[in-house]
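Asker: Here's a structure for you.
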Amino acid sequence: MEIELQPAGRLRDESGTSLIAPSWVINYGLTEDWEAVFEGQGQTSLSPPGPTSLTAAGAFLKHVVLPGSLQDKTGPSVATEFGVLLPDSIGNSGVGASFAAIVSQRWDWGTIHLNAETAVTRDHHGDVFLGAIVEGPSSWTVRPVAEVFYENEFGKEETFSGLVGLIYRVRDDLSFDVAVCHALTGGHPVNEIRAGLTIGFPLSFFESHAARQSSPTLPR
């Protein structure tokens, strides 16, 4: 199991300022090539003041279609992820669905992840997402990371986003990260500051040695 946790985040857009606390992604390994993924975040409006809601929740399955450099093999790693977008706890959003393809390649100088996703949103609009993530060398204790993506929720809004940050790896099963993000959503600026950590651990102490020997899976 691996838990990605953002204890706190500050988000500012045209509607005001919000506290994101917490935001999480839980990855549970079902088999060597399959994972169950659960995610969501708490969001509280600070300006103007408002209630706390559960947003961006979903349940997914991730499958490594073609093991590659991320699994200590040669060539690109290819994965798919598909699942259900769950309604927000406040408001009138419904249930959506998504399907994504992920292609990753690792070299000595760094790693590139390419993501393409199509979805039916919680508001029942069609949506497409294209993104790229570039990381520094995996051997570095502190490595830079950058992400750019484009998203179009048809009939509603377009988003262009860029992120830069750092990942500090304490050990193979523990790392910390910090990043700043700037986006344009529907022509309005959105700025976010993030800080988080990732913890991985075996669910059985008897399997701890096998877990230490297993190779990393693909990111979202």
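The way I read the labels, and the way they are meant: chains A, B, ... in the order of the structure tokens, residue 1 as the first residue of every chain, and ligand 1 as the first ligand shown, with later ones counted on from there.
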Name the residues in contact with region 153-156 of chain A at a cut-off of 10 Å, using only C-alpha atoms, excluding same-chain residues fewer than 4 positions from it; report them as number ranges by chain.

Answerer: A: 118-121, 123-129, 186

Asker: Write out as number ranges by chain each polymer residue whose atoms come within 6 Å of Glu81 (chain A), counting only C-alpha atoms; drop sequence neighbours fewer than 5 positions from it.

Answerer: A: 61-62, 99-100

Asker: Taking the DSSP secondary structure from the backbone, can you list the residues of region 140-174 of chain A that are strand (DSSP E), as JSON, numbers by chain?

Answerer: {"A": [142, 143, 144, 145, 146, 147, 148, 149, 150, 151, 152, 153, 157, 158, 159, 160, 161, 162, 163, 164, 165, 166, 167, 168, 169, 170, 171, 174]}

Asker: For N, CA, C and O atoms, I'd like the residues from the last selection saved as a compact mmCIF listing (two decimals), in the first residue's frame.

Answerer:
# COMPACT_ATOMS: atom_id res chain seq x y z
N VAL A 142 17.28 14.83 -3.60
CA VAL A 142 16.31 15.90 -3.87
C VAL A 142 16.29 16.12 -5.38
O VAL A 142 17.32 16.42 -5.98
N ARG A 143 15.13 15.91 -5.99
CA ARG A 143 15.06 16.05 -7.44
C ARG A 143 13.95 17.03 -7.81
O ARG A 143 12.89 17.08 -7.17
N PRO A 144 14.18 17.84 -8.85
CA PRO A 144 13.15 18.77 -9.32
C PRO A 144 12.07 18.04 -10.10
O PRO A 144 12.30 16.96 -10.66
N VAL A 145 10.89 18.65 -10.15
CA VAL A 145 9.78 18.10 -10.92
C VAL A 145 8.99 19.25 -11.53
O VAL A 145 8.88 20.33 -10.94
N ALA A 146 8.49 19.04 -12.74
CA ALA A 146 7.66 20.04 -13.41
C ALA A 146 6.52 19.33 -14.11
O ALA A 146 6.67 18.19 -14.58
N GLU A 147 5.38 20.00 -14.17
CA GLU A 147 4.20 19.42 -14.83
C GLU A 147 3.47 20.49 -15.61
O GLU A 147 3.33 21.63 -15.14
N VAL A 148 3.02 20.15 -16.79
CA VAL A 148 2.12 21.00 -17.57
C VAL A 148 0.96 20.14 -18.03
O VAL A 148 1.12 18.95 -18.31
N PHE A 149 -0.24 20.75 -18.07
CA PHE A 149 -1.37 20.01 -18.61
C PHE A 149 -2.40 20.96 -19.22
O PHE A 149 -2.45 22.15 -18.89
N TYR A 150 -3.20 20.38 -20.11
CA TYR A 150 -4.32 21.07 -20.73
C TYR A 150 -5.56 20.23 -20.50
O TYR A 150 -5.54 19.01 -20.70
N GLU A 151 -6.65 20.87 -20.08
CA GLU A 151 -7.91 20.17 -19.86
C GLU A 151 -9.05 20.97 -20.45
O GLU A 151 -9.10 22.20 -20.30
N ASN A 152 -9.94 20.30 -21.12
CA ASN A 152 -11.11 20.95 -21.72
C ASN A 152 -12.37 20.21 -21.27
O ASN A 152 -12.59 19.06 -21.65
N GLU A 153 -13.16 20.87 -20.42
CA GLU A 153 -14.47 20.35 -20.05
C GLU A 153 -15.47 20.99 -21.00
O GLU A 153 -15.82 22.16 -20.86
N GLU A 157 -15.44 24.95 -19.51
CA GLU A 157 -14.23 25.75 -19.39
C GLU A 157 -13.00 24.96 -19.82
O GLU A 157 -12.99 23.73 -19.82
N GLU A 158 -11.96 25.70 -20.18
CA GLU A 158 -10.65 25.16 -20.48
C GLU A 158 -9.67 25.53 -19.37
O GLU A 158 -9.79 26.59 -18.76
N THR A 159 -8.69 24.65 -19.13
CA THR A 159 -7.66 24.91 -18.12
C THR A 159 -6.29 24.66 -18.72
O THR A 159 -6.05 23.62 -19.34
N PHE A 160 -5.38 25.62 -18.53
CA PHE A 160 -3.97 25.48 -18.83
C PHE A 160 -3.22 25.60 -17.51
O PHE A 160 -3.44 26.57 -16.76
N SER A 161 -2.36 24.63 -17.18
CA SER A 161 -1.73 24.63 -15.86
C SER A 161 -0.26 24.29 -15.96
O SER A 161 0.16 23.48 -16.79
N GLY A 162 0.53 24.91 -15.06
CA GLY A 162 1.95 24.60 -14.93
C GLY A 162 2.33 24.50 -13.47
O GLY A 162 1.80 25.22 -12.62
N LEU A 163 3.24 23.59 -13.16
CA LEU A 163 3.67 23.35 -11.78
C LEU A 163 5.17 23.12 -11.76
O LEU A 163 5.72 22.46 -12.65
N VAL A 164 5.84 23.64 -10.72
CA VAL A 164 7.24 23.33 -10.47
C VAL A 164 7.39 23.01 -8.99
O VAL A 164 6.69 23.57 -8.13
N GLY A 165 8.28 22.06 -8.68
CA GLY A 165 8.45 21.68 -7.29
C GLY A 165 9.68 20.84 -7.07
O GLY A 165 10.51 20.64 -7.98
N LEU A 166 9.80 20.34 -5.84
CA LEU A 166 10.91 19.48 -5.44
C LEU A 166 10.38 18.27 -4.70
O LEU A 166 9.38 18.36 -3.97
N ILE A 167 11.04 17.13 -4.88
CA ILE A 167 10.73 15.90 -4.16
C ILE A 167 11.98 15.48 -3.38
O ILE A 167 13.05 15.33 -3.97
N TYR A 168 11.82 15.33 -2.07
CA TYR A 168 12.93 14.93 -1.20
C TYR A 168 12.68 13.49 -0.76
O TYR A 168 11.74 13.20 -0.04
N ARG A 169 13.52 12.57 -1.22
CA ARG A 169 13.38 11.15 -0.89
C ARG A 169 14.23 10.84 0.34
O ARG A 169 15.46 10.84 0.27
N VAL A 170 13.56 10.56 1.45
CA VAL A 170 14.26 10.18 2.67
C VAL A 170 14.77 8.75 2.55
O VAL A 170 15.91 8.44 2.90
N ARG A 171 13.91 7.87 2.07
CA ARG A 171 14.25 6.48 1.77
C ARG A 171 13.24 5.99 0.74
O ARG A 171 12.38 6.75 0.30
N LEU A 174 9.57 6.56 1.77
CA LEU A 174 9.17 7.83 2.37
C LEU A 174 9.78 8.99 1.60
O LEU A 174 10.99 9.04 1.40

Asker: By how many Å are CA of Ile20 (chain A) and CA of Trp140 (chain A) apart?

Answerer: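 We find that CA of Ile20 (chain A) and CA of Trp140 (chain A) lie 29.2 Å from each other.
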
Asker: Taking only C-alpha atoms into account, name the residue in A:Ala97, A:Leu197, A:Leu203, A:Ala57 that is nearest to Gln6 (chain A).

Answerer: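 That would be A:Leu197, the residue with the smallest distance to Gln6 (chain A).
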
Asker: Can you pull out the residues contacting Ala59 (chain A)? Cut-off 7 Å, using only C-alpha atoms, and skip same-chain residues under 5 positions away; I want them as a list in words.

Answerer: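 Once the adjacent positions are removed, what remains is Val37, Phe38, Glu39, Gly83, Val84 and Leu85 of chain A.
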
Asker: Which distance in Å separates CA of Gly16 (chain A) and CA of Gly94 (chain A), to one decimal?

Answerer: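 Spanning CA of Gly16 (chain A) to CA of Gly94 (chain A) is a straight-line distance of 23.9 Å.
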
Asker: Might you pull out every residue within 7 Å of Ser77 (chain A), with only C-alpha atoms counted and same-chain residues fewer than 3 positions away left off, and present them as an mmCIF file with all heavy atoms, in the first residue's frame?

Answerer:
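Here's the written file result36.cif:
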data_model
loop_
_atom_site.group_PDB
_atom_site.id
_atom_site.type_symbol
_atom_site.label_atom_id
_atom_site.label_comp_id
_atom_site.auth_asym_id
_atom_site.auth_seq_id
_atom_site.Cartn_x
_atom_site.Cartn_y
_atom_site.Cartn_z
ATOM 1 N N LEU A 66 2.149 -2.740 -20.035
ATOM 2 C CA LEU A 66 3.465 -3.092 -20.565
ATOM 3 C C LEU A 66 4.535 -2.664 -19.565
ATOM 4 O O LEU A 66 4.840 -1.475 -19.453
ATOM 5 C CB LEU A 66 3.697 -2.405 -21.915
ATOM 6 C CG LEU A 66 5.044 -2.662 -22.587
ATOM 7 C CD1 LEU A 66 5.184 -4.136 -22.955
ATOM 8 C CD2 LEU A 66 5.195 -1.785 -23.831
ATOM 9 N N PRO A 67 5.118 -3.606 -18.809
ATOM 10 C CA PRO A 67 6.209 -3.241 -17.894
ATOM 11 C C PRO A 67 7.400 -2.704 -18.673
ATOM 12 O O PRO A 67 7.733 -3.194 -19.746
ATOM 13 C CB PRO A 67 6.548 -4.568 -17.209
ATOM 14 C CG PRO A 67 5.338 -5.432 -17.402
ATOM 15 C CD PRO A 67 4.766 -5.031 -18.727
ATOM 16 N N GLY A 68 8.023 -1.670 -18.116
ATOM 17 C CA GLY A 68 9.162 -1.062 -18.794
ATOM 18 C C GLY A 68 10.180 -0.533 -17.811
ATOM 19 O O GLY A 68 10.460 -1.158 -16.784
ATOM 20 N N SER A 69 10.695 0.650 -18.102
ATOM 21 C CA SER A 69 11.810 1.183 -17.322
ATOM 22 C C SER A 69 11.442 1.451 -15.866
ATOM 23 O O SER A 69 12.308 1.385 -14.990
ATOM 24 C CB SER A 69 12.326 2.468 -17.976
ATOM 25 O OG SER A 69 11.280 3.416 -18.132
ATOM 26 N N LEU A 70 10.177 1.741 -15.575
ATOM 27 C CA LEU A 70 9.780 1.949 -14.180
ATOM 28 C C LEU A 70 9.726 0.643 -13.403
ATOM 29 O O LEU A 70 9.703 0.659 -12.170
ATOM 30 C CB LEU A 70 8.418 2.646 -14.094
ATOM 31 C CG LEU A 70 8.326 4.083 -14.584
ATOM 32 C CD1 LEU A 70 7.023 4.717 -14.132
ATOM 33 C CD2 LEU A 70 9.513 4.912 -14.132
ATOM 34 N N VAL A 103 2.028 6.749 -20.205
ATOM 35 C CA VAL A 103 3.268 6.226 -20.788
ATOM 36 C C VAL A 103 4.435 6.916 -20.089
ATOM 37 O O VAL A 103 4.478 8.152 -20.021
ATOM 38 C CB VAL A 103 3.339 6.470 -22.308
ATOM 39 C CG1 VAL A 103 4.655 5.931 -22.868
ATOM 40 C CG2 VAL A 103 2.152 5.827 -23.005
ATOM 41 N N SER A 104 5.371 6.128 -19.558
ATOM 42 C CA SER A 104 6.508 6.674 -18.816
ATOM 43 C C SER A 104 7.806 6.077 -19.334
ATOM 44 O O SER A 104 7.851 4.910 -19.722
ATOM 45 C CB SER A 104 6.371 6.375 -17.318
ATOM 46 O OG SER A 104 5.191 6.940 -16.780
ATOM 47 N N GLN A 105 8.855 6.900 -19.297
ATOM 48 C CA GLN A 105 10.181 6.442 -19.682
ATOM 49 C C GLN A 105 11.203 7.045 -18.720
ATOM 50 O O GLN A 105 11.180 8.259 -18.470
ATOM 51 C CB GLN A 105 10.508 6.856 -21.111
ATOM 52 C CG GLN A 105 11.901 6.457 -21.574
ATOM 53 C CD GLN A 105 12.072 4.952 -21.738
ATOM 54 O OE1 GLN A 105 11.303 4.305 -22.444
ATOM 55 N NE2 GLN A 105 13.074 4.394 -21.084
#

Asker: Would you mind telling me which residue in A:Gly29, A:Gly131, A:Gly75, A:Pro87 lies nearest to Ile3 (chain A) when using only C-alpha atoms?

Answerer: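 Ranking A:Gly29, A:Gly131, A:Gly75, A:Pro87 by distance to Ile3 (chain A), first place goes to A:Gly29.
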
Asker: Show which residues sit within 12 Å of Gly91 (chain A), as number ranges by chain. Count only C-alpha atoms, and ignore same-chain residues fewer than 6 positions away.

Answerer: A: 51-55, 122-123

Asker: Keeping N, CA and C atoms for every residue in the selection just given, could you write it to a file as a PDB file, in the first residue's frame?

Answerer:
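Written out: out28.pdb:
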ATOM      1  N   PRO A  51     -18.475  26.313   4.512  1.00  0.00           N
ATOM      2  CA  PRO A  51     -18.355  24.983   5.125  1.00  0.00           C
ATOM      3  C   PRO A  51     -17.267  24.153   4.468  1.00  0.00           C
ATOM      4  N   THR A  52     -16.896  23.072   5.128  1.00  0.00           N
ATOM      5  CA  THR A  52     -15.944  22.111   4.590  1.00  0.00           C
ATOM      6  C   THR A  52     -16.684  21.071   3.761  1.00  0.00           C
ATOM      7  N   SER A  53     -16.145  20.736   2.612  1.00  0.00           N
ATOM      8  CA  SER A  53     -16.777  19.742   1.751  1.00  0.00           C
ATOM      9  C   SER A  53     -15.735  18.731   1.290  1.00  0.00           C
ATOM     10  N   LEU A  54     -16.200  17.546   0.935  1.00  0.00           N
ATOM     11  CA  LEU A  54     -15.367  16.520   0.325  1.00  0.00           C
ATOM     12  C   LEU A  54     -15.508  16.648  -1.180  1.00  0.00           C
ATOM     13  N   THR A  55     -14.385  16.881  -1.869  1.00  0.00           N
ATOM     14  CA  THR A  55     -14.408  17.092  -3.314  1.00  0.00           C
ATOM     15  C   THR A  55     -13.380  16.198  -3.989  1.00  0.00           C
ATOM     16  N   ARG A 122     -18.621  14.945 -13.283  1.00  0.00           N
ATOM     17  CA  ARG A 122     -19.713  14.842 -12.306  1.00  0.00           C
ATOM     18  C   ARG A 122     -20.927  15.658 -12.733  1.00  0.00           C
ATOM     19  N   ASP A 123     -20.690  16.686 -13.569  1.00  0.00           N
ATOM     20  CA  ASP A 123     -21.791  17.494 -14.106  1.00  0.00           C
ATOM     21  C   ASP A 123     -22.246  16.993 -15.466  1.00  0.00           C
TER      22      ASP A 123
END

Asker: From the DSSP assignment of the backbone, select every residue of chain A that is helix (DSSP H, G or I), and format the answer as a PyMOL selection string.

Answerer: chain A and resi 69-71+205-213

Asker: Can you write out the residues you just picked, keeping N, CA, C and O atoms, as a PDB file, in the first residue's frame?

Answerer:
ATOM      1  N   SER A  69      10.695   0.650 -18.102  1.00  0.00           N
ATOM      2  CA  SER A  69      11.810   1.183 -17.322  1.00  0.00           C
ATOM      3  C   SER A  69      11.442   1.451 -15.866  1.00  0.00           C
ATOM      4  O   SER A  69      12.308   1.385 -14.990  1.00  0.00           O
ATOM      5  N   LEU A  70      10.177   1.741 -15.575  1.00  0.00           N
ATOM      6  CA  LEU A  70       9.780   1.949 -14.180  1.00  0.00           C
ATOM      7  C   LEU A  70       9.726   0.643 -13.403  1.00  0.00           C
ATOM      8  O   LEU A  70       9.703   0.659 -12.170  1.00  0.00           O
ATOM      9  N   GLN A  71       9.694  -0.466 -14.108  1.00  0.00           N
ATOM     10  CA  GLN A  71       9.707  -1.787 -13.464  1.00  0.00           C
ATOM     11  C   GLN A  71      11.060  -2.471 -13.672  1.00  0.00           C
ATOM     12  O   GLN A  71      11.150  -3.704 -13.648  1.00  0.00           O
ATOM     13  N   PHE A 205       3.820  -8.095   7.481  1.00  0.00           N
ATOM     14  CA  PHE A 205       5.216  -8.063   7.896  1.00  0.00           C
ATOM     15  C   PHE A 205       5.989  -9.242   7.315  1.00  0.00           C
ATOM     16  O   PHE A 205       7.182  -9.173   7.090  1.00  0.00           O
ATOM     17  N   PHE A 206       5.292 -10.357   7.035  1.00  0.00           N
ATOM     18  CA  PHE A 206       5.961 -11.525   6.485  1.00  0.00           C
ATOM     19  C   PHE A 206       6.354 -11.310   5.030  1.00  0.00           C
ATOM     20  O   PHE A 206       7.155 -12.046   4.486  1.00  0.00           O
ATOM     21  N   GLU A 207       5.745 -10.293   4.392  1.00  0.00           N
ATOM     22  CA  GLU A 207       6.040 -10.014   2.999  1.00  0.00           C
ATOM     23  C   GLU A 207       6.927  -8.786   2.852  1.00  0.00           C
ATOM     24  O   GLU A 207       7.116  -8.269   1.762  1.00  0.00           O
ATOM     25  N   SER A 208       7.489  -8.291   3.951  1.00  0.00           N
ATOM     26  CA  SER A 208       8.243  -7.046   3.900  1.00  0.00           C
ATOM     27  C   SER A 208       9.465  -7.161   2.988  1.00  0.00           C
ATOM     28  O   SER A 208       9.808  -6.226   2.279  1.00  0.00           O
ATOM     29  N   HIS A 209      10.136  -8.311   3.019  1.00  0.00           N
ATOM     30  CA  HIS A 209      11.314  -8.467   2.163  1.00  0.00           C
ATOM     31  C   HIS A 209      10.899  -8.426   0.690  1.00  0.00           C
ATOM     32  O   HIS A 209      11.539  -7.766  -0.126  1.00  0.00           O
ATOM     33  N   ALA A 210       9.818  -9.122   0.354  1.00  0.00           N
ATOM     34  CA  ALA A 210       9.346  -9.124  -1.036  1.00  0.00           C
ATOM     35  C   ALA A 210       8.934  -7.725  -1.457  1.00  0.00           C
ATOM     36  O   ALA A 210       9.183  -7.311  -2.593  1.00  0.00           O
ATOM     37  N   ALA A 211       8.324  -6.970  -0.553  1.00  0.00           N
ATOM     38  CA  ALA A 211       7.901  -5.619  -0.894  1.00  0.00           C
ATOM     39  C   ALA A 211       9.097  -4.716  -1.155  1.00  0.00           C
ATOM     40  O   ALA A 211       9.069  -3.864  -2.047  1.00  0.00           O
ATOM     41  N   ARG A 212      10.169  -4.897  -0.411  1.00  0.00           N
ATOM     42  CA  ARG A 212      11.358  -4.074  -0.626  1.00  0.00           C
ATOM     43  C   ARG A 212      11.995  -4.373  -1.971  1.00  0.00           C
ATOM     44  O   ARG A 212      12.638  -3.519  -2.565  1.00  0.00           O
ATOM     45  N   GLN A 213      11.810  -5.597  -2.459  1.00  0.00           N
ATOM     46  CA  GLN A 213      12.405  -5.975  -3.735  1.00  0.00           C
ATOM     47  C   GLN A 213      11.554  -5.601  -4.935  1.00  0.00           C
ATOM     48  O   GLN A 213      12.010  -5.653  -6.058  1.00  0.00           O
TER      49      GLN A 213
END

Asker: Report as a list in words all protein, DNA and RNA residues lying within 10 Å of Glu4 (chain A), evaluated on only C-alpha atoms, omitting residues in the same chain fewer than 6 positions from it.

Answerer: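 The filter keeps Ser23, Trp24, Val25, Ile26, Asn27, Glu39, Leu174, Ser175, Phe176, Gly196, Leu197, Thr198, Ile199 and Gly200 of chain A.
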
Asker: Of the candidates A:Ala116, A:Ile90, A:Ala56, A:Leu5, which shows the shortest atom-to-atom distance to Ile133 (chain A), using only C-alpha atoms?

Answerer: A:Ala116
